[in-house]
$ cat start01.cif   # mmCIF, C-alpha atoms
data_my_file
loop_
_atom_site.label_atom_id
_atom_site.label_comp_id
_atom_site.auth_asym_id
_atom_site.auth_seq_id
_atom_site.Cartn_x
_atom_site.Cartn_y
_atom_site.Cartn_z
CA MET A 1 -12.00 -50.45 -51.28
CA ASP A 2 -10.55 -51.76 -48.10
CA SER A 3 -11.23 -49.82 -44.96
CA THR A 4 -8.26 -47.80 -43.73
CA VAL A 5 -8.86 -48.83 -40.16
CA VAL A 6 -5.97 -50.94 -39.03
CA SER A 7 -6.55 -53.59 -36.47
CA THR A 8 -4.07 -53.25 -33.63
CA GLY A 9 -4.90 -56.43 -31.85
CA THR A 10 -5.60 -54.57 -28.65
CA GLU A 11 -9.38 -54.35 -28.91
CA GLY A 12 -11.10 -55.11 -25.67
CA LYS A 13 -7.87 -54.85 -23.69
CA THR A 14 -7.02 -52.15 -21.16
CA TRP A 15 -5.11 -49.92 -23.57
CA GLY A 16 -7.37 -50.57 -26.54
CA GLY A 17 -9.25 -47.32 -25.99
CA GLY A 18 -12.86 -46.66 -25.15
CA ASN A 19 -12.25 -47.08 -21.44
CA ARG A 20 -13.70 -44.65 -18.90
CA PRO A 21 -11.50 -45.29 -15.88
CA LEU A 22 -12.93 -42.36 -13.92
CA GLY A 23 -16.51 -42.96 -14.95
CA ALA A 24 -17.02 -39.30 -15.77
CA SER A 25 -17.37 -37.42 -19.04
CA TYR A 26 -14.62 -35.17 -20.38
CA GLY A 27 -16.54 -31.99 -19.56
CA LYS A 28 -17.22 -32.95 -15.99
CA LEU A 29 -13.62 -33.99 -15.42
CA MET A 30 -12.34 -30.70 -16.78
CA MET A 31 -14.77 -28.81 -14.53
CA TRP A 32 -13.34 -30.71 -11.57
CA PHE A 33 -9.78 -29.85 -12.58
CA PHE A 34 -10.73 -26.20 -12.99
CA ILE A 35 -12.29 -26.27 -9.53
CA VAL A 36 -9.11 -27.73 -8.02
CA SER A 37 -6.99 -24.98 -9.55
CA ASP A 38 -9.46 -22.28 -8.53
CA ALA A 39 -9.58 -23.72 -5.01
CA LEU A 40 -5.80 -23.31 -4.88
CA THR A 41 -6.11 -19.67 -5.97
CA PHE A 42 -8.59 -18.97 -3.19
CA SER A 43 -6.52 -20.81 -0.61
CA GLY A 44 -3.56 -18.72 -1.75
CA PHE A 45 -5.56 -15.58 -0.89
CA LEU A 46 -6.87 -16.93 2.39
CA ALA A 47 -3.44 -18.22 3.43
CA ALA A 48 -1.96 -14.80 2.62
CA TYR A 49 -4.68 -13.29 4.82
CA GLY A 50 -3.62 -15.73 7.56
CA PHE A 51 0.00 -14.72 7.03
CA SER A 52 -0.77 -11.02 7.53
CA ARG A 53 -2.96 -11.79 10.49
CA PHE A 54 -0.26 -13.83 12.20
CA LYS A 55 2.18 -11.04 11.43
CA PHE A 56 -0.08 -8.52 13.24
CA ILE A 57 -1.62 -11.01 15.64
CA ASP A 58 -1.67 -8.49 18.51
CA SER A 59 -3.37 -5.68 16.61
CA TRP A 60 -5.75 -7.18 14.03
CA PRO A 61 -9.25 -5.61 13.90
CA ILE A 62 -12.07 -7.54 15.59
CA ALA A 63 -14.56 -8.54 12.88
CA ASP A 64 -17.52 -8.34 15.28
CA GLU A 65 -16.88 -4.64 15.73
CA VAL A 66 -16.48 -3.97 12.03
CA PHE A 67 -19.43 -5.78 10.44
CA THR A 68 -22.33 -4.79 12.66
CA HIS A 69 -24.86 -3.39 10.22
CA VAL A 70 -28.07 -4.82 8.85
CA PRO A 71 -30.12 -3.04 6.15
CA PHE A 72 -33.22 -1.18 7.42
CA LEU A 73 -32.05 -1.54 11.02
CA HIS A 74 -30.04 1.63 11.18
CA GLY A 75 -28.01 2.36 14.30
CA GLN A 76 -28.35 -1.08 15.83
CA GLU A 77 -25.28 -3.19 16.50
CA LEU A 78 -26.03 -6.66 15.20
CA PRO A 79 -22.75 -8.40 14.43
CA MET A 80 -22.87 -11.37 12.06
CA ILE A 81 -26.63 -11.41 11.47
CA TYR A 82 -26.42 -10.09 7.93
CA VAL A 83 -23.51 -12.32 6.88
CA ALA A 84 -25.34 -15.31 8.32
CA PHE A 85 -28.31 -14.33 6.15
CA MET A 86 -26.03 -14.12 3.09
CA THR A 87 -24.56 -17.53 3.88
CA PHE A 88 -28.03 -18.99 4.16
CA ILE A 89 -29.09 -17.46 0.81
CA LEU A 90 -26.07 -18.99 -0.90
CA ILE A 91 -26.61 -22.43 0.64
CA MET A 92 -30.27 -22.19 -0.34
CA SER A 93 -29.39 -21.40 -3.96
CA SER A 94 -26.98 -24.35 -3.86
CA VAL A 95 -29.93 -26.52 -2.85
CA THR A 96 -32.13 -25.31 -5.71
CA MET A 97 -29.18 -25.95 -8.04
CA VAL A 98 -28.79 -29.54 -6.89
CA LEU A 99 -32.56 -29.98 -7.23
CA ALA A 100 -32.26 -28.73 -10.82
CA VAL A 101 -29.53 -31.31 -11.47
CA ASP A 102 -31.73 -33.99 -9.94
CA ALA A 103 -34.70 -32.97 -12.11
CA GLY A 104 -32.32 -33.01 -15.09
CA HIS A 105 -31.54 -36.67 -14.46
CA LYS A 106 -35.26 -37.34 -14.73
CA LEU A 107 -35.43 -35.22 -17.93
CA ASP A 108 -38.07 -33.03 -16.29
CA LYS A 109 -37.77 -29.78 -18.22
CA LYS A 110 -40.36 -27.82 -16.21
CA LYS A 111 -38.70 -28.49 -12.88
CA VAL A 112 -35.19 -27.79 -14.20
CA THR A 113 -36.44 -24.42 -15.48
CA LEU A 114 -38.04 -23.52 -12.15
CA TYR A 115 -35.05 -24.53 -10.03
CA MET A 116 -32.53 -22.82 -12.34
CA PHE A 117 -34.61 -19.66 -12.07
CA LEU A 118 -34.61 -19.83 -8.26
CA THR A 119 -30.85 -20.41 -8.28
CA ILE A 120 -30.31 -17.27 -10.37
CA ILE A 121 -32.51 -15.24 -8.00
CA GLY A 122 -30.52 -16.51 -4.99
CA GLY A 123 -27.24 -15.58 -6.68
CA ALA A 124 -28.53 -12.12 -7.52
CA ILE A 125 -29.64 -11.51 -3.91
CA PHE A 126 -26.20 -12.58 -2.72
CA VAL A 127 -24.32 -10.28 -5.09
CA GLY A 128 -26.63 -7.41 -4.10
CA SER A 129 -26.00 -8.07 -0.41
CA GLN A 130 -22.30 -8.06 -1.01
CA ALA A 131 -22.52 -4.72 -2.80
CA TRP A 132 -24.37 -3.31 0.21
CA GLU A 133 -21.77 -4.79 2.56
CA TRP A 134 -19.00 -3.11 0.55
CA ALA A 135 -20.80 0.23 0.50
CA THR A 136 -21.25 0.15 4.29
CA PHE A 137 -17.64 -0.85 4.82
CA ILE A 138 -16.31 1.91 2.55
CA LYS A 139 -18.52 4.56 4.15
CA GLY A 140 -17.42 3.65 7.69
CA ASP A 141 -19.29 4.81 10.79
CA TYR A 142 -17.28 6.38 13.61
CA GLY A 143 -14.16 7.69 11.94
CA ALA A 144 -10.69 7.53 13.47
CA VAL A 145 -7.30 9.22 13.62
CA GLN A 146 -4.22 7.76 12.03
CA THR A 147 -0.86 8.18 13.75
CA LYS A 148 2.48 8.92 12.13
CA GLY A 149 3.33 5.24 12.43
CA GLY A 150 0.20 4.28 10.53
CA ASN A 151 -1.74 3.01 13.55
CA ILE A 152 -5.40 3.79 14.12
CA LEU A 153 -6.77 5.62 17.18
CA GLN A 154 -10.49 5.29 17.86
CA PHE A 155 -12.60 7.25 20.36
CA LEU A 156 -14.69 6.09 23.30
CA ASN A 157 -16.63 7.77 26.06
CA THR A 158 -16.06 6.79 29.69
CA GLU A 159 -18.82 4.15 29.49
CA GLY A 160 -16.78 2.35 26.84
CA GLU A 161 -19.11 3.18 23.93
CA ARG A 162 -17.69 4.26 20.58
CA VAL A 163 -18.07 7.95 19.75
CA ALA A 164 -18.07 9.26 16.19
CA ILE A 165 -15.65 12.09 15.46
CA SER A 166 -18.53 14.14 14.04
CA GLU A 167 -20.05 14.22 17.55
CA PHE A 168 -17.20 16.07 19.21
CA ALA A 169 -14.98 17.70 16.58
CA THR A 170 -15.15 21.50 16.89
CA PRO A 171 -15.15 23.31 13.54
CA ILE A 172 -12.33 25.80 13.19
CA ALA A 173 -13.01 28.82 10.99
CA ASP A 174 -9.74 28.77 9.08
CA ALA A 175 -9.89 25.11 8.07
CA ARG A 176 -8.40 24.76 4.61
CA THR A 177 -10.42 24.06 1.48
CA GLU A 178 -9.75 21.30 -0.98
CA HIS A 179 -7.11 22.13 -3.55
CA GLU A 180 -8.51 21.88 -7.05
CA ARG A 181 -7.03 22.55 -10.46
CA SER A 182 -9.24 25.61 -10.80
CA ASN A 183 -8.10 27.36 -7.62
CA GLY A 184 -4.38 26.64 -7.49
CA LEU A 185 -1.60 25.13 -9.53
CA TRP A 186 -3.42 23.79 -12.58
CA PHE A 187 -1.30 20.65 -12.77
CA VAL A 188 -1.73 19.68 -9.11
CA GLU A 189 -4.70 17.84 -7.65
CA GLU A 190 -5.39 16.24 -4.31
CA GLY A 191 -7.83 13.65 -3.01
CA THR A 192 -11.05 14.47 -1.19
CA LEU A 193 -10.45 16.11 2.19
CA THR A 194 -12.01 14.51 5.26
CA THR A 195 -15.01 16.26 6.82
CA TYR A 196 -12.94 17.27 9.85
CA SER A 197 -9.27 18.13 10.02
CA ILE A 198 -6.94 16.65 12.61
CA ASN A 199 -6.82 19.98 14.49
CA GLU A 200 -10.60 20.08 14.77
CA VAL A 201 -10.63 16.58 16.20
CA VAL A 202 -7.85 17.38 18.70
CA GLN A 203 -9.63 20.56 19.85
CA GLY A 204 -12.92 18.73 20.25
CA PHE A 205 -11.18 15.99 22.17
CA GLU A 206 -9.60 18.48 24.58
CA ALA A 207 -12.96 20.17 25.14
CA ASN A 208 -14.73 16.92 26.10
CA PRO A 209 -13.14 15.53 29.30
CA ASP A 210 -15.12 12.25 29.14
CA LEU A 211 -13.48 11.05 25.91
CA LEU A 212 -10.79 8.36 25.74
CA VAL A 213 -8.59 6.93 23.01
CA ARG A 214 -8.54 3.28 22.05
CA THR A 215 -5.46 1.92 20.26
CA GLN A 216 -5.42 -1.07 17.94
CA THR A 217 -3.25 -3.16 20.25
CA LEU A 218 -5.10 -6.15 21.70
CA THR A 219 -4.99 -6.95 25.43
CA GLU A 220 -4.49 -10.43 26.92
CA THR A 221 -8.24 -11.06 26.75
CA GLY A 222 -8.46 -10.06 23.09
CA GLU A 223 -9.95 -6.59 23.51
CA LYS A 224 -8.58 -3.30 22.26
CA THR A 225 -6.41 -1.32 24.69
CA ILE A 226 -8.11 1.76 26.18
CA LEU A 227 -5.78 4.54 27.29
CA SER A 228 -6.26 6.77 30.34
CA ARG A 229 -7.29 10.40 29.78
CA GLU A 230 -3.71 11.73 30.15
CA GLU A 231 -2.23 9.07 27.88
CA SER A 232 -5.04 9.67 25.39
CA LEU A 233 -4.30 13.37 25.16
CA LEU A 234 -0.58 12.79 24.87
CA THR A 235 -0.89 10.11 22.18
CA LEU A 236 -3.39 12.08 20.15
CA LYS A 237 -1.35 15.30 20.25
CA THR A 238 2.11 13.85 19.61
CA ASN A 239 1.26 10.99 17.24
CA GLY A 240 -2.01 11.92 15.54
CA GLN A 241 -1.45 12.81 11.93
CA SER A 242 -4.62 12.59 9.87
CA VAL A 243 -8.33 11.85 10.09
CA VAL A 244 -9.63 8.63 8.51
CA GLU A 245 -13.29 8.24 7.52
CA GLY A 246 -14.34 4.88 6.16
CA ALA A 247 -12.09 2.50 4.28
CA ASN A 248 -10.17 2.29 1.04
CA LEU A 249 -7.09 0.48 -0.21
CA ARG A 250 -4.72 2.95 1.49
CA VAL A 251 -6.24 3.51 4.92
CA ASN A 252 -9.21 2.30 6.92
CA GLU A 253 -10.71 3.41 10.19
CA TYR A 254 -11.05 -0.14 11.50
CA GLY A 255 -7.34 -0.81 12.04
CA THR A 256 -4.46 -2.29 10.05
CA SER A 257 -4.79 -1.19 6.43
CA LEU A 258 -4.11 -4.77 5.29
CA PHE A 259 -7.47 -5.75 6.77
CA ALA A 260 -9.39 -3.62 4.27
CA ASP A 261 -7.08 -4.66 1.42
CA PHE A 262 -7.78 -8.32 2.02
CA PHE A 263 -11.47 -7.66 2.54
CA PHE A 264 -11.78 -5.96 -0.84
CA PHE A 265 -9.57 -8.50 -2.56
CA ILE A 266 -11.01 -11.75 -1.24
CA THR A 267 -14.71 -10.88 -1.07
CA GLY A 268 -14.30 -9.04 -4.36
CA PHE A 269 -12.79 -12.06 -6.07
CA HIS A 270 -15.49 -14.26 -4.59
CA GLY A 271 -18.20 -11.79 -5.60
CA PHE A 272 -16.82 -11.83 -9.13
CA HIS A 273 -17.13 -15.62 -9.12
CA VAL A 274 -20.74 -15.38 -7.97
CA PHE A 275 -21.43 -12.79 -10.66
CA SER A 276 -19.93 -14.94 -13.43
CA GLY A 277 -21.78 -17.94 -11.97
CA VAL A 278 -25.06 -16.05 -12.30
CA VAL A 279 -24.24 -15.13 -15.90
CA ILE A 280 -23.42 -18.75 -16.79
CA ASN A 281 -26.56 -19.90 -14.99
CA ILE A 282 -28.64 -17.47 -17.06
CA ILE A 283 -27.15 -18.85 -20.30
CA ILE A 284 -27.91 -22.40 -19.22
CA PHE A 285 -31.39 -21.32 -18.06
CA PHE A 286 -32.23 -20.05 -21.54
CA ASN A 287 -30.80 -23.20 -23.11
CA VAL A 288 -33.11 -25.22 -20.89
CA ILE A 289 -36.11 -23.12 -21.94
CA LEU A 290 -35.16 -23.43 -25.62
CA GLY A 291 -35.04 -27.19 -25.16
CA THR A 292 -31.38 -27.64 -26.14
CA TYR A 293 -30.78 -30.31 -23.52
CA GLU A 294 -34.17 -31.88 -24.12
CA ARG A 295 -33.11 -32.54 -27.73
CA ARG A 296 -29.66 -33.65 -26.63
CA GLY A 297 -31.31 -36.14 -24.31
CA SER A 298 -29.01 -35.22 -21.43
CA TYR A 299 -28.96 -32.42 -18.90
CA GLU A 300 -25.28 -32.90 -18.09
CA MET A 301 -24.55 -29.24 -18.83
CA VAL A 302 -26.75 -28.29 -15.86
CA GLU A 303 -24.66 -30.65 -13.76
CA LYS A 304 -21.43 -28.99 -14.89
CA VAL A 305 -22.52 -25.43 -14.06
CA GLY A 306 -23.95 -26.93 -10.88
CA LEU A 307 -20.44 -28.06 -9.90
CA TYR A 308 -19.16 -24.52 -10.42
CA TRP A 309 -22.04 -23.02 -8.47
CA HIS A 310 -21.51 -25.35 -5.51
CA PHE A 311 -17.83 -24.51 -5.57
CA VAL A 312 -18.66 -20.83 -5.20
CA ASP A 313 -20.78 -21.75 -2.17
CA LEU A 314 -17.93 -23.86 -0.81
CA VAL A 315 -15.51 -20.95 -1.03
CA TRP A 316 -17.98 -18.65 0.74
CA VAL A 317 -18.16 -21.10 3.65
CA PHE A 318 -14.41 -20.60 4.15
CA VAL A 319 -14.48 -16.83 3.59
CA PHE A 320 -17.30 -16.59 6.15
CA THR A 321 -15.26 -18.50 8.73
CA PHE A 322 -11.94 -16.76 8.26
CA PHE A 323 -13.24 -13.23 7.76
CA TYR A 324 -16.19 -13.03 10.09
CA LEU A 325 -15.87 -15.75 12.73
CA VAL A 326 -12.27 -16.55 13.58
CA MET B 1 -22.63 -41.48 -12.78
CA ALA B 2 -25.85 -43.04 -14.02
CA HIS B 3 -28.74 -42.62 -11.61
CA ALA B 4 -27.33 -44.54 -8.70
CA HIS B 5 -27.20 -42.23 -5.69
CA LYS B 6 -25.90 -43.30 -2.32
CA LEU B 7 -28.65 -42.19 -0.02
CA GLU B 8 -27.15 -42.31 3.45
CA ILE B 9 -25.20 -39.68 5.36
CA LEU B 10 -23.37 -39.73 8.73
CA ARG B 11 -22.05 -43.24 8.04
CA GLY B 12 -25.48 -44.70 7.58
CA LEU B 13 -27.00 -43.06 10.66
CA ILE B 14 -29.57 -41.28 8.51
CA LYS B 15 -30.96 -42.96 5.40
CA PHE B 16 -33.12 -41.17 2.87
CA LYS B 17 -35.74 -42.62 0.56
CA SER B 18 -34.95 -40.48 -2.47
CA ASN B 19 -32.25 -38.13 -3.72
CA THR B 20 -34.54 -35.13 -3.32
CA GLN B 21 -35.14 -36.03 0.30
CA LYS B 22 -31.40 -36.35 0.88
CA ILE B 23 -30.84 -32.85 -0.53
CA TRP B 24 -33.30 -31.33 1.96
CA GLY B 25 -31.76 -33.39 4.76
CA VAL B 26 -28.30 -32.04 3.94
CA LEU B 27 -29.71 -28.49 3.81
CA ILE B 28 -31.10 -28.91 7.32
CA LEU B 29 -27.74 -30.23 8.52
CA LEU B 30 -25.83 -27.31 6.95
CA SER B 31 -28.30 -24.78 8.37
CA ILE B 32 -27.90 -26.24 11.86
CA ILE B 33 -24.10 -26.05 11.60
CA THR B 34 -24.28 -22.42 10.41
CA ALA B 35 -26.71 -21.52 13.19
CA VAL B 36 -24.38 -23.05 15.79
CA GLU B 37 -21.47 -21.03 14.35
CA VAL B 38 -23.43 -17.78 14.43
CA VAL B 39 -24.70 -18.32 18.00
CA LEU B 40 -21.19 -19.20 19.23
CA GLY B 41 -19.80 -16.20 17.35
CA ILE B 42 -22.27 -13.80 18.97
CA TYR B 43 -22.16 -15.09 22.55
CA LYS B 44 -18.52 -16.32 22.66
CA PRO B 45 -18.74 -18.55 25.77
CA GLU B 46 -15.91 -17.88 28.23
CA VAL B 47 -15.09 -21.59 28.50
CA LEU B 48 -14.09 -21.74 24.85
CA MET B 49 -11.79 -18.72 24.95
CA THR B 50 -8.84 -20.64 26.42
CA GLN B 51 -5.84 -21.27 24.23
CA ILE B 52 -5.58 -24.74 22.69
CA LEU B 53 -2.61 -25.51 20.43
CA GLY B 54 -1.80 -21.84 19.86
CA MET B 55 -5.34 -20.75 19.02
CA LYS B 56 -8.56 -20.04 20.90
CA GLY B 57 -10.68 -23.15 21.46
CA LEU B 58 -13.61 -21.36 19.82
CA ASN B 59 -11.63 -20.82 16.62
CA TRP B 60 -10.81 -24.53 16.44
CA ILE B 61 -14.52 -25.30 16.71
CA PHE B 62 -15.26 -22.84 13.87
CA ILE B 63 -12.62 -24.44 11.65
CA ILE B 64 -13.83 -27.98 12.34
CA LEU B 65 -17.45 -27.00 11.67
CA THR B 66 -16.37 -25.30 8.43
CA LEU B 67 -14.58 -28.44 7.27
CA ALA B 68 -17.72 -30.45 8.11
CA LYS B 69 -19.80 -28.08 5.97
CA ALA B 70 -17.26 -28.28 3.15
CA TYR B 71 -17.45 -32.08 3.32
CA TYR B 72 -21.23 -32.16 2.93
CA ILE B 73 -21.25 -29.58 0.14
CA THR B 74 -18.65 -31.54 -1.82
CA TRP B 75 -19.96 -35.01 -1.06
CA ASP B 76 -23.69 -34.46 -1.46
CA PHE B 77 -24.24 -31.29 -3.50
CA MET B 78 -21.33 -31.91 -5.87
CA HIS B 79 -22.10 -35.66 -5.84
CA MET B 80 -18.57 -36.65 -4.81
CA ARG B 81 -20.16 -39.50 -2.86
CA ASP B 82 -21.35 -41.05 -6.14
CA GLU B 83 -18.08 -40.67 -8.06
CA LYS B 84 -15.45 -43.35 -8.44
CA ALA B 85 -12.80 -43.52 -5.72
CA SER B 86 -10.06 -42.67 -8.24
CA LEU B 87 -11.73 -39.40 -9.28
CA ARG B 88 -12.49 -38.51 -5.68
CA ARG B 89 -8.91 -39.04 -4.54
CA MET B 90 -7.45 -37.24 -7.51
CA VAL B 91 -9.42 -34.10 -6.72
CA VAL B 92 -9.58 -34.15 -2.92
CA TRP B 93 -6.12 -35.37 -1.95
CA THR B 94 -4.31 -33.06 -4.40
CA ALA B 95 -6.13 -30.01 -3.08
CA VAL B 96 -5.89 -31.02 0.58
CA PHE B 97 -2.17 -31.71 0.40
CA LEU B 98 -1.27 -28.50 -1.42
CA ILE B 99 -3.51 -26.33 0.75
CA CYS B 100 -2.14 -27.79 3.99
CA TYR B 101 1.40 -27.18 2.81
CA LEU B 102 0.63 -23.60 1.79
CA ILE B 103 -1.09 -22.82 5.09
CA PHE B 104 1.78 -24.32 7.06
CA ILE B 105 4.55 -22.33 5.38
CA LEU B 106 2.68 -19.02 5.33
CA LEU B 107 1.47 -19.16 8.93
CA GLN B 108 4.92 -20.24 10.09
CA GLU B 109 6.47 -17.29 8.30
CA GLY B 110 3.82 -14.88 9.60
CA GLY B 111 4.50 -15.97 13.18
CA TYR B 112 8.22 -15.53 12.65
CA ILE B 113 7.82 -11.98 11.35
CA PHE B 114 5.60 -11.18 14.33
CA ASP B 115 8.38 -12.30 16.66
CA ILE B 116 10.90 -10.15 14.81
CA TYR B 117 8.64 -7.10 15.15
CA ASP B 118 7.97 -7.93 18.76
CA GLU B 119 11.50 -8.64 20.00
CA ALA B 120 13.82 -6.75 17.71
CA TYR B 121 14.39 -3.01 17.67
CA ILE B 122 11.63 -2.10 15.28
CA LYS B 123 9.35 0.68 16.45
CA ARG B 124 5.79 0.59 15.19
CA ASP B 125 3.90 2.55 17.82
CA PHE B 126 4.53 6.19 17.09
#
$ encode --input "start01.cif" --output "structure tokens"
Amino acid sequence: MDSTVVSTGTEGKTWGGGNRPLGASYGKLMMWFFIVSDALTFSGFLAAYGFSRFKFIDSWPIADEVFTHVPFLHGQELPMIYVAFMTFILIMSSVTMVLAVDAGHKLDKKKVTLYMFLTIIGGAIFVGSQAWEWATFIKGDYGAVQTKGGNILQFLNTEGERVAISEFATPIADARTEHERSNGLWFVEEGTLTTYSINEVVQGFEANPDLLVRTQTLTETGEKTILSREESLLTLKTNGQSVVEGANLRVNEYGTSLFADFFFFITGFHGFHVFSGVVINIIIFFNVILGTYERRGSYEMVEKVGLYWHFVDLVWVFVFTFFYLV
Amino acid sequence: MAHAHKLEILRGLIKFKSNTQKIWGVLILLSIITAVEVVLGIYKPEVLMTQILGMKGLNWIFIILTLAKAYYITWDFMHMRDEKASLRRMVVWTAVFLICYLIFILLQEGGYIFDIYDEAYIKRDF
């Protein structure tokens, strides 16, 4: 029987097939294309953040005053230290990843296993840190009052230090209790009440003559505007509407509510990428142990997940700059 | 990609003997850049707080340092340095062009809306 392969007369020419014009395998190329599209998604988020920030350029929260906590160092104001630590962890795990890829080129199974393991540990520490960062952000620390216009009023003493509302709010006996299904209309519920009501905060503020109000408007030098005692009292009494403790998607005590929305959205989306990266790394790690790539004679799969992992690191570098530094 | 790695960074200023050595070298470089960013971010020198091209000088430094970090992560950790020019351009130029365009239109629009809020009769402080 004749072979069914038909000779086209193009063998060995440019369009005869079998060329690798980009010098990369199919899998690696597709990983690169995925990374480009994912990079565009992230830049969409970050550009939207920039849009909102330019829109509220004179009242955006100052990141240094928001992210000041470090685990185990309670009560100390250390802006940026913890995020810098997280950045370093992620860069470090990127390094162990690239070392794993390098060991893979040398078909050194033991080293690939070790470096993949270290990469997974680094990723896990990062995700854990981010969870802690979220928890701290959601809990809040000083509390604030929201005005009818949706602006945030924070409290200072005359030395310019922040004062928590729990330090001065005077409890009023007749403060209302939370409405639950069991003690009122059975089909009506409401969210958790704040620890202090607006009236308690206003009373406490009146009783402490050394307290001032800080609005979210930025001055020429980039600091928040501090009102005089008379202005403070007037603003708080006429505009104050509700007490805000911590942050959620509706309100946050740090300033413009969009700030918290973008924080949750962007770091959340990035954290999800890190999480899925860790899961993929674990799968590849077990494949390495089982000797899948040893038998295949190529550790290119490690290189492909490596590309994804480095991309996650790359995105964090930008999130770090635009959320915490700029 | 075979096993041919280009082993010099900073336009040949630093040359490494092996790929492993280059990786540690790049780590040191990235750590230094991050440390500089953190120190500048904590102390915020007065000199750098002046406005340059519509933004604080310090913020421009942060953005430039970030792009430098991004370059080394892509070029050395993701091995872009060892890829063919066609692959490199396909990935980098596409992303850079689209991202620049997106940033331009959104920031332009954001600034415009700020002006509207600022100058027109819209009350926000109540």
$ interface_residues --input "start01.cif" --of "chain B" --to "chain A" --cutoff "7 Å" --atoms "all atoms listed in the file" --output "PyMOL selection string"
chain B and resi 1+20+23+27+38+41+59+62+66+70+73+77-78+84+86-87+91+95+99+102-103+106-107+110-111+113-114+124-126
$ resolve_selection --input "start01.cif" --expression "the PyMOL selection byres ((chain B and resi 18) around 12)" --output "JSON, numbers by chain"
{"A": [99, 102], "B": [3, 4, 5, 6, 7, 8, 15, 16, 17, 19, 20, 21, 22, 23, 24, 25]}
$ resolve_selection --input "start01.cif" --expression "the PyMOL selection byres ((chain A and resi 139) around 8)" --output "list in words"
Ala135, Thr136, Phe137, Ile138, Gly140, Asp141, Glu245, Gly246 and Ala247 of chain A
$ closest_residue --input "start01.cif" --among "A:Ser93, A:Thr225, A:Asn19, A:Ser59" --to "Asp118 (chain B)" --atoms "all atoms listed in the file"
A:Ser59
$ atom_distance --input "start01.cif" --atom1 "CA of Lys13 (chain A)" --atom2 "CA of Glu83 (chain B)"
23.4 Å
$ closest_residue --input "start01.cif" --among "A:Thr170, A:Asn199, A:Thr267, A:Asn287" --to "Gln130 (chain A)" --atoms "only C-alpha atoms"
A:Thr267
$ residues_around --input "start01.cif" --residues "Met49 (chain B)" --least-positions-apart "5" --cutoff "7 Å" --atoms "all atoms listed in the file" --output "NGL selection string"
:B and (56-58)
$ write_last_selection --input "start01.cif" --atoms "C-alpha atoms" --output "PDB file, keeping the file's coordinate frame"
ATOM      1  CA  LYS B  56      -8.560 -20.040  20.900  1.00  0.00           C
ATOM      2  CA  GLY B  57     -10.680 -23.150  21.460  1.00  0.00           C
ATOM      3  CA  LEU B  58     -13.610 -21.360  19.820  1.00  0.00           C
TER       4      LEU B  58
END
$ atom_distance --input "start01.cif" --atom1 "CA of Phe272 (chain A)" --atom2 "CA of Glu65 (chain A)"
25.9 Å
$ closest_residue --input "start01.cif" --among "B:Met55, B:Leu48, B:Trp75, B:Val39" --to "Val26 (chain B)" --atoms "only C-alpha atoms"
B:Trp75
